[in-house]
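Visitor: Structure file coords00.txt (compact mmCIF, C-alpha atoms and all ligand atoms) right here:
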```
# COMPACT_ATOMS: atom_id res chain seq x y z
CA MET A 1 -22.75 -2.42 -6.66
CA ASP A 2 -23.60 -2.96 -3.00
CA LEU A 3 -26.86 -4.68 -3.92
CA ARG A 4 -25.18 -6.82 -6.57
CA VAL A 5 -22.55 -8.00 -4.10
CA ARG A 6 -25.23 -8.85 -1.52
CA ALA A 7 -27.30 -10.71 -4.13
CA LEU A 8 -24.24 -12.68 -5.24
CA GLU A 9 -23.32 -13.52 -1.64
CA THR A 10 -26.88 -14.69 -0.96
CA VAL A 11 -26.93 -16.99 -3.98
CA LEU A 12 -23.49 -18.45 -3.20
CA ALA A 13 -24.45 -19.00 0.45
CA ARG A 14 -27.77 -20.67 -0.49
CA LYS A 15 -25.97 -23.01 -2.83
CA GLY A 16 -23.53 -23.81 -0.05
CA TYR A 17 -20.44 -22.50 -1.89
CA VAL A 18 -19.53 -19.96 0.78
CA ASP A 19 -20.08 -19.78 4.52
CA PRO A 20 -21.33 -16.28 5.51
CA ALA A 21 -19.69 -16.63 8.94
CA ALA A 22 -16.31 -17.32 7.28
CA LEU A 23 -16.77 -14.26 5.05
CA ASP A 24 -17.46 -12.12 8.12
CA VAL A 25 -14.29 -13.38 9.81
CA LEU A 26 -12.23 -12.63 6.68
CA ILE A 27 -13.61 -9.12 6.29
CA ASP A 28 -13.20 -8.35 9.98
CA THR A 29 -9.62 -9.62 9.90
CA TYR A 30 -8.57 -7.43 6.98
CA GLN A 31 -10.61 -4.44 8.15
CA THR A 32 -9.63 -4.31 11.82
CA ARG A 33 -6.66 -6.59 12.54
CA ILE A 34 -4.58 -6.12 9.41
CA GLY A 35 -4.01 -2.66 7.99
CA PRO A 36 -1.49 -0.01 7.01
CA ARG A 37 0.23 -0.21 10.42
CA ASN A 38 1.83 -3.44 9.14
CA GLY A 39 3.26 -1.69 6.11
CA ALA A 40 4.37 1.23 8.29
CA ARG A 41 6.47 -1.16 10.39
CA VAL A 42 8.09 -2.53 7.23
CA VAL A 43 8.95 0.97 6.02
CA ALA A 44 10.25 2.10 9.42
CA LYS A 45 12.52 -0.93 9.65
CA ALA A 46 13.84 -0.25 6.14
CA TRP A 47 14.60 3.36 7.09
CA ALA A 48 16.36 2.29 10.28
CA ASP A 49 18.22 -0.78 9.03
CA PRO A 50 20.21 -0.52 5.75
CA ALA A 51 20.65 -4.31 5.48
CA TYR A 52 16.89 -4.83 5.82
CA ARG A 53 16.22 -2.09 3.25
CA GLU A 54 18.55 -3.79 0.78
CA TRP A 55 16.81 -7.15 1.37
CA LEU A 56 13.37 -5.55 1.08
CA LEU A 57 14.16 -4.03 -2.32
CA ARG A 58 15.77 -7.27 -3.55
CA ASP A 59 13.17 -9.74 -2.24
CA GLY A 60 10.15 -7.91 -0.86
CA THR A 61 8.12 -11.06 -0.27
CA ALA A 62 10.73 -12.66 2.00
CA ALA A 63 11.72 -9.48 3.83
CA ILE A 64 8.08 -8.63 4.59
CA ALA A 65 7.27 -12.22 5.61
CA SER A 66 10.17 -12.09 8.08
CA LEU A 67 8.09 -9.57 10.08
CA GLY A 68 5.12 -11.94 10.03
CA TYR A 69 3.16 -10.26 7.24
CA GLN A 70 2.19 -12.74 4.58
CA GLY A 71 -0.79 -14.51 3.09
CA ARG A 72 -3.38 -13.97 0.42
CA GLN A 73 -2.93 -10.96 -1.85
CA GLY A 74 0.66 -10.67 -0.67
CA GLU A 75 2.26 -13.79 -2.10
CA HIS A 76 4.48 -11.87 -4.53
CA MET A 77 5.52 -8.50 -3.16
CA VAL A 78 7.65 -5.97 -4.99
CA VAL A 79 8.92 -2.94 -3.09
CA VAL A 80 9.86 0.22 -5.00
CA GLU A 81 11.77 3.05 -3.39
CA ASN A 82 10.95 6.73 -3.83
CA THR A 83 13.95 9.01 -4.23
CA GLU A 84 14.57 12.56 -5.35
CA ALA A 85 15.01 11.22 -8.88
CA VAL A 86 12.00 8.93 -9.15
CA HIS A 87 8.55 8.79 -7.58
CA HIS A 88 6.58 5.55 -7.73
CA MET A 89 2.82 5.21 -7.48
CA VAL A 90 0.65 2.10 -7.60
CA VAL A 91 -2.65 1.36 -9.31
CA CYS A 92 -4.62 -1.63 -10.48
CA THR A 93 -6.04 -0.51 -13.82
CA LEU A 94 -8.06 -3.70 -14.20
CA CYS A 95 -9.75 -3.90 -10.80
CA SER A 96 -8.52 -3.33 -7.25
CA CYS A 97 -5.47 -5.58 -6.61
CA TYR A 98 -3.79 -4.36 -3.42
CA PRO A 99 -1.26 -5.80 -0.94
CA TRP A 100 -3.61 -6.90 1.82
CA PRO A 101 -1.07 -8.24 4.36
CA VAL A 102 0.71 -4.87 4.59
CA LEU A 103 -2.05 -2.35 3.82
CA GLY A 104 -5.34 -4.09 4.65
CA LEU A 105 -8.30 -3.55 2.34
CA PRO A 106 -8.07 -0.97 -0.46
CA PRO A 107 -9.71 2.44 0.05
CA THR A 108 -12.72 3.31 -2.14
CA TRP A 109 -10.80 5.76 -4.31
CA TYR A 110 -8.26 3.05 -5.19
CA LYS A 111 -11.09 0.94 -6.64
CA SER A 112 -12.75 3.85 -8.46
CA ALA A 113 -12.70 4.02 -12.26
CA PRO A 114 -11.33 7.60 -12.34
CA TYR A 115 -8.26 6.72 -10.23
CA ARG A 116 -7.60 3.55 -12.20
CA SER A 117 -7.64 5.32 -15.55
CA ARG A 118 -6.16 8.68 -14.59
CA ALA A 119 -3.25 7.25 -12.59
CA VAL A 120 -1.73 6.03 -15.83
CA ARG A 121 -2.94 8.81 -18.11
CA GLU A 122 -2.12 11.84 -15.99
CA PRO A 123 -0.28 10.71 -12.88
CA ARG A 124 1.04 14.16 -11.99
CA ALA A 125 -2.46 15.64 -11.99
CA VAL A 126 -3.69 12.80 -9.74
CA LEU A 127 -0.71 13.30 -7.42
CA ALA A 128 -1.43 17.03 -7.22
CA GLU A 129 -5.01 16.27 -6.15
CA PHE A 130 -3.58 14.14 -3.34
CA GLY A 131 -1.38 17.10 -2.40
CA VAL A 132 1.85 15.74 -3.85
CA ARG A 133 3.70 18.23 -6.03
CA LEU A 134 6.92 16.94 -7.50
CA PRO A 135 9.73 18.87 -9.16
CA GLU A 136 9.67 18.58 -12.97
CA ALA A 137 12.99 16.75 -12.79
CA THR A 138 11.50 13.94 -10.71
CA GLN A 139 10.47 11.02 -12.88
CA VAL A 140 7.07 9.46 -12.13
CA ARG A 141 6.71 5.70 -12.52
CA VAL A 142 3.30 4.06 -12.29
CA TRP A 143 3.10 0.37 -11.39
CA ASP A 144 0.06 -1.58 -12.52
CA SER A 145 -0.72 -4.43 -10.13
CA THR A 146 -1.47 -7.83 -11.55
CA ALA A 147 -3.28 -10.86 -10.22
CA GLU A 148 0.06 -12.03 -8.81
CA ILE A 149 2.31 -9.06 -8.12
CA ARG A 150 1.49 -6.49 -5.45
CA TYR A 151 3.55 -3.35 -4.92
CA LEU A 152 4.53 -1.45 -1.81
CA VAL A 153 6.12 1.98 -2.09
CA LEU A 154 9.00 2.75 0.25
CA PRO A 155 8.46 6.49 0.77
CA ARG A 156 11.30 8.95 1.26
CA ARG A 157 12.43 9.28 4.83
CA PRO A 158 11.42 12.66 6.28
CA ALA A 159 14.13 15.20 6.93
CA GLY A 160 15.19 15.46 10.56
CA SER A 161 14.09 11.91 11.45
CA GLU A 162 17.64 10.60 12.00
CA GLY A 163 17.40 10.12 15.75
CA LEU A 164 13.90 8.63 15.88
CA SER A 165 13.16 5.09 17.04
CA GLU A 166 11.60 2.61 14.64
CA GLU A 167 8.34 3.01 16.53
CA ALA A 168 8.39 6.79 16.12
CA LEU A 169 9.37 6.43 12.45
CA ALA A 170 6.39 4.11 11.82
CA GLU A 171 4.07 6.87 13.07
CA LEU A 172 5.19 9.02 10.12
CA VAL A 173 4.26 6.41 7.51
CA THR A 174 0.79 6.87 6.03
CA ARG A 175 -1.21 4.44 3.94
CA ASP A 176 -1.19 6.88 1.01
CA SER A 177 2.60 7.21 1.16
CA MET A 178 2.88 3.44 0.67
CA VAL A 179 0.59 3.55 -2.39
CA GLY A 180 2.70 6.43 -3.70
CA VAL A 181 -0.05 9.07 -3.63
CA GLY A 182 1.29 10.71 -0.51
CA GLU A 183 4.52 11.41 1.29
CA ALA A 184 5.58 10.43 4.77
CA LEU A 185 4.55 12.92 7.44
CA PRO A 186 7.04 15.54 8.61
CA VAL A 187 8.71 14.96 11.97
CA PRO A 188 6.56 16.62 14.67
CA PRO A 189 8.42 19.49 16.41
CA ALA A 190 8.18 17.78 19.81
CA ALA A 191 9.89 14.64 18.54
CA ALA A 192 12.58 16.62 16.75
CA SER A 193 13.44 18.66 19.84
CA SER A 194 13.59 15.65 22.17
CA GLN A 195 16.33 13.95 20.17
FE FE B 1 -6.97 -5.78 -9.53
```
Rewrite the structure of this file - the entire thing - as structure tokens.
Guide:
Amino acid sequence: MDLRVRALETVLARKGYVDPAALDVLIDTYQTRIGPRNGARVVAKAWADPAYREWLLRDGTAAIASLGYQGRQGEHMVVVENTEAVHHMVVCTLCSCYPWPVLGLPPTWYKSAPYRSRAVREPRAVLAEFGVRLPEATQVRVWDSTAEIRYLVLPRRPAGSEGLSEEALAELVTRDSMVGVGEALPVPPAAASSQ
């Protein structure tokens, strides 16, 4: 795959269709400047601000853009909220569609054929492999990304996080929890005792 991509890039560059320097800037931007910390700020704000949470679930694109996160692969954002009753997880069965402005570039496993097929066929088994074990009563919903719509999971707020600042809350939000294959981190004892 690596060789194929390099061969394709070489041909496109030789024909003058793409500028290798522009590609490098794009990759660097999404790899180092934009990443899951953006999504973590969105989640932390939703946990801390009920009005923002309501807006985020109603119009994810606008609520996320209000924090400055927008652009390609994030033009149509849908945010789904995990609760005790329902657990959401996200896949792109066709390829690797992923919400770049809030999560950066997709991890390798997200693009792998096993994840893409098994997430819809046996989501609970996949979740267990990621360390997420849900009660039988919790419904699992799997969202298949499309060329247009990208999903962000609003994970459940960790117990004991009531007094934390938005900044401290964002530290508990992992990339995997926003794809729905993980949960937010527990509140560290030091933070809990300093409330
Ligand atoms: Fe895709």
Visitor: Tell me, as a VMD selection string, which residues lie within 12 Å of A:Pro114, counting only C-alpha atoms; anything in the same chain fewer than 6 positions away does not count.
Guide: chain A and resid 91 to 95 108 120 to 123 125 to 126
Visitor: Go ahead and write the residues just picked, C-alpha atoms, as a short mmCIF file (atom, residue, chain, number, x, y, z; two decimals), in the frame of the given file.
Guide:
```cif
data_model
loop_
_atom_site.label_atom_id
_atom_site.label_comp_id
_atom_site.auth_asym_id
_atom_site.auth_seq_id
_atom_site.Cartn_x
_atom_site.Cartn_y
_atom_site.Cartn_z
CA VAL A 91 -2.65 1.36 -9.31
CA CYS A 92 -4.62 -1.63 -10.48
CA THR A 93 -6.04 -0.51 -13.82
CA LEU A 94 -8.06 -3.70 -14.20
CA CYS A 95 -9.75 -3.90 -10.80
CA THR A 108 -12.72 3.31 -2.14
CA VAL A 120 -1.73 6.03 -15.83
CA ARG A 121 -2.94 8.81 -18.11
CA GLU A 122 -2.12 11.84 -15.99
CA PRO A 123 -0.28 10.71 -12.88
CA ALA A 125 -2.46 15.64 -11.99
CA VAL A 126 -3.69 12.80 -9.74
#
```
Visitor: When distances are computed from only C-alpha atoms and all ligand atoms, which of A:Leu12, A:Val90, A:Leu103, A:Ala147 shows the smallest separation from ligand FE 1 (chain B)?
Guide: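 Using only C-alpha atoms and all ligand atoms, ligand FE 1 (chain B) sits closest to A:Ala147.
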Visitor: I'd like to know which of A:Thr83, A:Gln73, A:Ser161, A:Ser177 is closest to ligand FE 1 (chain B), using only C-alpha atoms and all ligand atoms.
Guide: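 Residue with the minimum atom-to-atom distance to ligand FE 1 (chain B): A:Gln73.
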Visitor: Compute the set of protein, DNA and RNA residues whose minimum atom distance to ligand FE 1 (chain B) is at most 12 Å, using all atoms listed in the file, and state it as a ChimeraX atom specification.
Guide: /A:73,90-100,106,110-113,116,143-151
Visitor: In Å, with one decimal, what is the gap from atom CA of A:Thr61 to atom CA of A:Val153?
Guide: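 Spanning atom CA of A:Thr61 to atom CA of A:Val153 is a straight-line distance of 13.3 Å.
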Visitor: Mind checking which residues fall within 12 Å of A:Tyr52, counting all atoms listed in the file, ignoring those fewer than 3 positions away in the same chain, and posting them as number ranges by chain?
Guide: A: 41-49, 55-60, 62-64, 66-67
Visitor: Work out how far apart atom CA of A:Ala170 and atom CA of A:Leu185 are and give it in Å to one decimal.
Guide: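 Separation of atom CA of A:Ala170 and atom CA of A:Leu185: 10.0 Å.
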Visitor: Quick one: stretch 42-61 of chain A with N, CA, C and O atoms, as a PDB file, in the coordinates of the input?
Guide:
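What landed in out02.pdb:
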```pdb
ATOM      1  N   VAL A  42       7.130  -2.108   8.253  1.00  0.00           N
ATOM      2  CA  VAL A  42       8.090  -2.530   7.230  1.00  0.00           C
ATOM      3  C   VAL A  42       8.927  -1.334   6.779  1.00  0.00           C
ATOM      4  O   VAL A  42      10.161  -1.393   6.736  1.00  0.00           O
ATOM      5  N   VAL A  43       8.252  -0.225   6.499  1.00  0.00           N
ATOM      6  CA  VAL A  43       8.950   0.970   6.020  1.00  0.00           C
ATOM      7  C   VAL A  43       9.901   1.512   7.096  1.00  0.00           C
ATOM      8  O   VAL A  43      11.059   1.837   6.817  1.00  0.00           O
ATOM      9  N   ALA A  44       9.419   1.573   8.339  1.00  0.00           N
ATOM     10  CA  ALA A  44      10.250   2.100   9.420  1.00  0.00           C
ATOM     11  C   ALA A  44      11.508   1.261   9.606  1.00  0.00           C
ATOM     12  O   ALA A  44      12.600   1.794   9.814  1.00  0.00           O
ATOM     13  N   LYS A  45      11.346  -0.055   9.493  1.00  0.00           N
ATOM     14  CA  LYS A  45      12.520  -0.930   9.650  1.00  0.00           C
ATOM     15  C   LYS A  45      13.507  -0.710   8.498  1.00  0.00           C
ATOM     16  O   LYS A  45      14.721  -0.695   8.706  1.00  0.00           O
ATOM     17  N   ALA A  46      12.967  -0.504   7.296  1.00  0.00           N
ATOM     18  CA  ALA A  46      13.840  -0.250   6.140  1.00  0.00           C
ATOM     19  C   ALA A  46      14.597   1.064   6.296  1.00  0.00           C
ATOM     20  O   ALA A  46      15.764   1.179   5.917  1.00  0.00           O
ATOM     21  N   TRP A  47      13.929   2.063   6.862  1.00  0.00           N
ATOM     22  CA  TRP A  47      14.600   3.360   7.090  1.00  0.00           C
ATOM     23  C   TRP A  47      15.698   3.211   8.147  1.00  0.00           C
ATOM     24  O   TRP A  47      16.739   3.857   8.058  1.00  0.00           O
ATOM     25  N   ALA A  48      15.437   2.367   9.144  1.00  0.00           N
ATOM     26  CA  ALA A  48      16.360   2.290  10.280  1.00  0.00           C
ATOM     27  C   ALA A  48      17.490   1.283  10.057  1.00  0.00           C
ATOM     28  O   ALA A  48      18.526   1.380  10.708  1.00  0.00           O
ATOM     29  N   ASP A  49      17.280   0.337   9.161  1.00  0.00           N
ATOM     30  CA  ASP A  49      18.220  -0.780   9.030  1.00  0.00           C
ATOM     31  C   ASP A  49      18.609  -0.969   7.558  1.00  0.00           C
ATOM     32  O   ASP A  49      17.842  -1.535   6.778  1.00  0.00           O
ATOM     33  N   PRO A  50      19.801  -0.476   7.167  1.00  0.00           N
ATOM     34  CA  PRO A  50      20.210  -0.520   5.750  1.00  0.00           C
ATOM     35  C   PRO A  50      20.225  -1.941   5.175  1.00  0.00           C
ATOM     36  O   PRO A  50      19.867  -2.143   4.012  1.00  0.00           O
ATOM     37  N   ALA A  51      20.606  -2.930   5.978  1.00  0.00           N
ATOM     38  CA  ALA A  51      20.650  -4.310   5.480  1.00  0.00           C
ATOM     39  C   ALA A  51      19.232  -4.796   5.177  1.00  0.00           C
ATOM     40  O   ALA A  51      18.988  -5.479   4.170  1.00  0.00           O
ATOM     41  N   TYR A  52      18.289  -4.436   6.057  1.00  0.00           N
ATOM     42  CA  TYR A  52      16.890  -4.830   5.820  1.00  0.00           C
ATOM     43  C   TYR A  52      16.346  -4.124   4.576  1.00  0.00           C
ATOM     44  O   TYR A  52      15.644  -4.724   3.766  1.00  0.00           O
ATOM     45  N   ARG A  53      16.684  -2.845   4.425  1.00  0.00           N
ATOM     46  CA  ARG A  53      16.220  -2.090   3.250  1.00  0.00           C
ATOM     47  C   ARG A  53      16.701  -2.748   1.963  1.00  0.00           C
ATOM     48  O   ARG A  53      15.934  -2.915   1.009  1.00  0.00           O
ATOM     49  N   GLU A  54      17.979  -3.158   1.967  1.00  0.00           N
ATOM     50  CA  GLU A  54      18.550  -3.790   0.780  1.00  0.00           C
ATOM     51  C   GLU A  54      17.812  -5.100   0.474  1.00  0.00           C
ATOM     52  O   GLU A  54      17.461  -5.390  -0.679  1.00  0.00           O
ATOM     53  N   TRP A  55      17.537  -5.882   1.516  1.00  0.00           N
ATOM     54  CA  TRP A  55      16.810  -7.150   1.370  1.00  0.00           C
ATOM     55  C   TRP A  55      15.381  -6.905   0.865  1.00  0.00           C
ATOM     56  O   TRP A  55      14.881  -7.574  -0.046  1.00  0.00           O
ATOM     57  N   LEU A  56      14.750  -5.882   1.428  1.00  0.00           N
ATOM     58  CA  LEU A  56      13.370  -5.550   1.080  1.00  0.00           C
ATOM     59  C   LEU A  56      13.247  -5.202  -0.410  1.00  0.00           C
ATOM     60  O   LEU A  56      12.303  -5.620  -1.085  1.00  0.00           O
ATOM     61  N   LEU A  57      14.226  -4.438  -0.913  1.00  0.00           N
ATOM     62  CA  LEU A  57      14.160  -4.030  -2.320  1.00  0.00           C
ATOM     63  C   LEU A  57      14.533  -5.191  -3.246  1.00  0.00           C
ATOM     64  O   LEU A  57      14.069  -5.266  -4.372  1.00  0.00           O
ATOM     65  N   ARG A  58      15.334  -6.121  -2.741  1.00  0.00           N
ATOM     66  CA  ARG A  58      15.770  -7.270  -3.550  1.00  0.00           C
ATOM     67  C   ARG A  58      14.728  -8.370  -3.537  1.00  0.00           C
ATOM     68  O   ARG A  58      14.437  -8.988  -4.554  1.00  0.00           O
ATOM     69  N   ASP A  59      14.156  -8.658  -2.372  1.00  0.00           N
ATOM     70  CA  ASP A  59      13.170  -9.740  -2.240  1.00  0.00           C
ATOM     71  C   ASP A  59      12.099  -9.313  -1.235  1.00  0.00           C
ATOM     72  O   ASP A  59      12.118  -9.711  -0.071  1.00  0.00           O
ATOM     73  N   GLY A  60      11.185  -8.483  -1.730  1.00  0.00           N
ATOM     74  CA  GLY A  60      10.150  -7.910  -0.860  1.00  0.00           C
ATOM     75  C   GLY A  60       9.327  -8.969  -0.149  1.00  0.00           C
ATOM     76  O   GLY A  60       9.024  -8.832   1.039  1.00  0.00           O
ATOM     77  N   THR A  61       8.968 -10.024  -0.863  1.00  0.00           N
ATOM     78  CA  THR A  61       8.120 -11.060  -0.270  1.00  0.00           C
ATOM     79  C   THR A  61       8.762 -11.648   0.988  1.00  0.00           C
ATOM     80  O   THR A  61       8.118 -11.737   2.049  1.00  0.00           O
TER      81      THR A  61
END
```
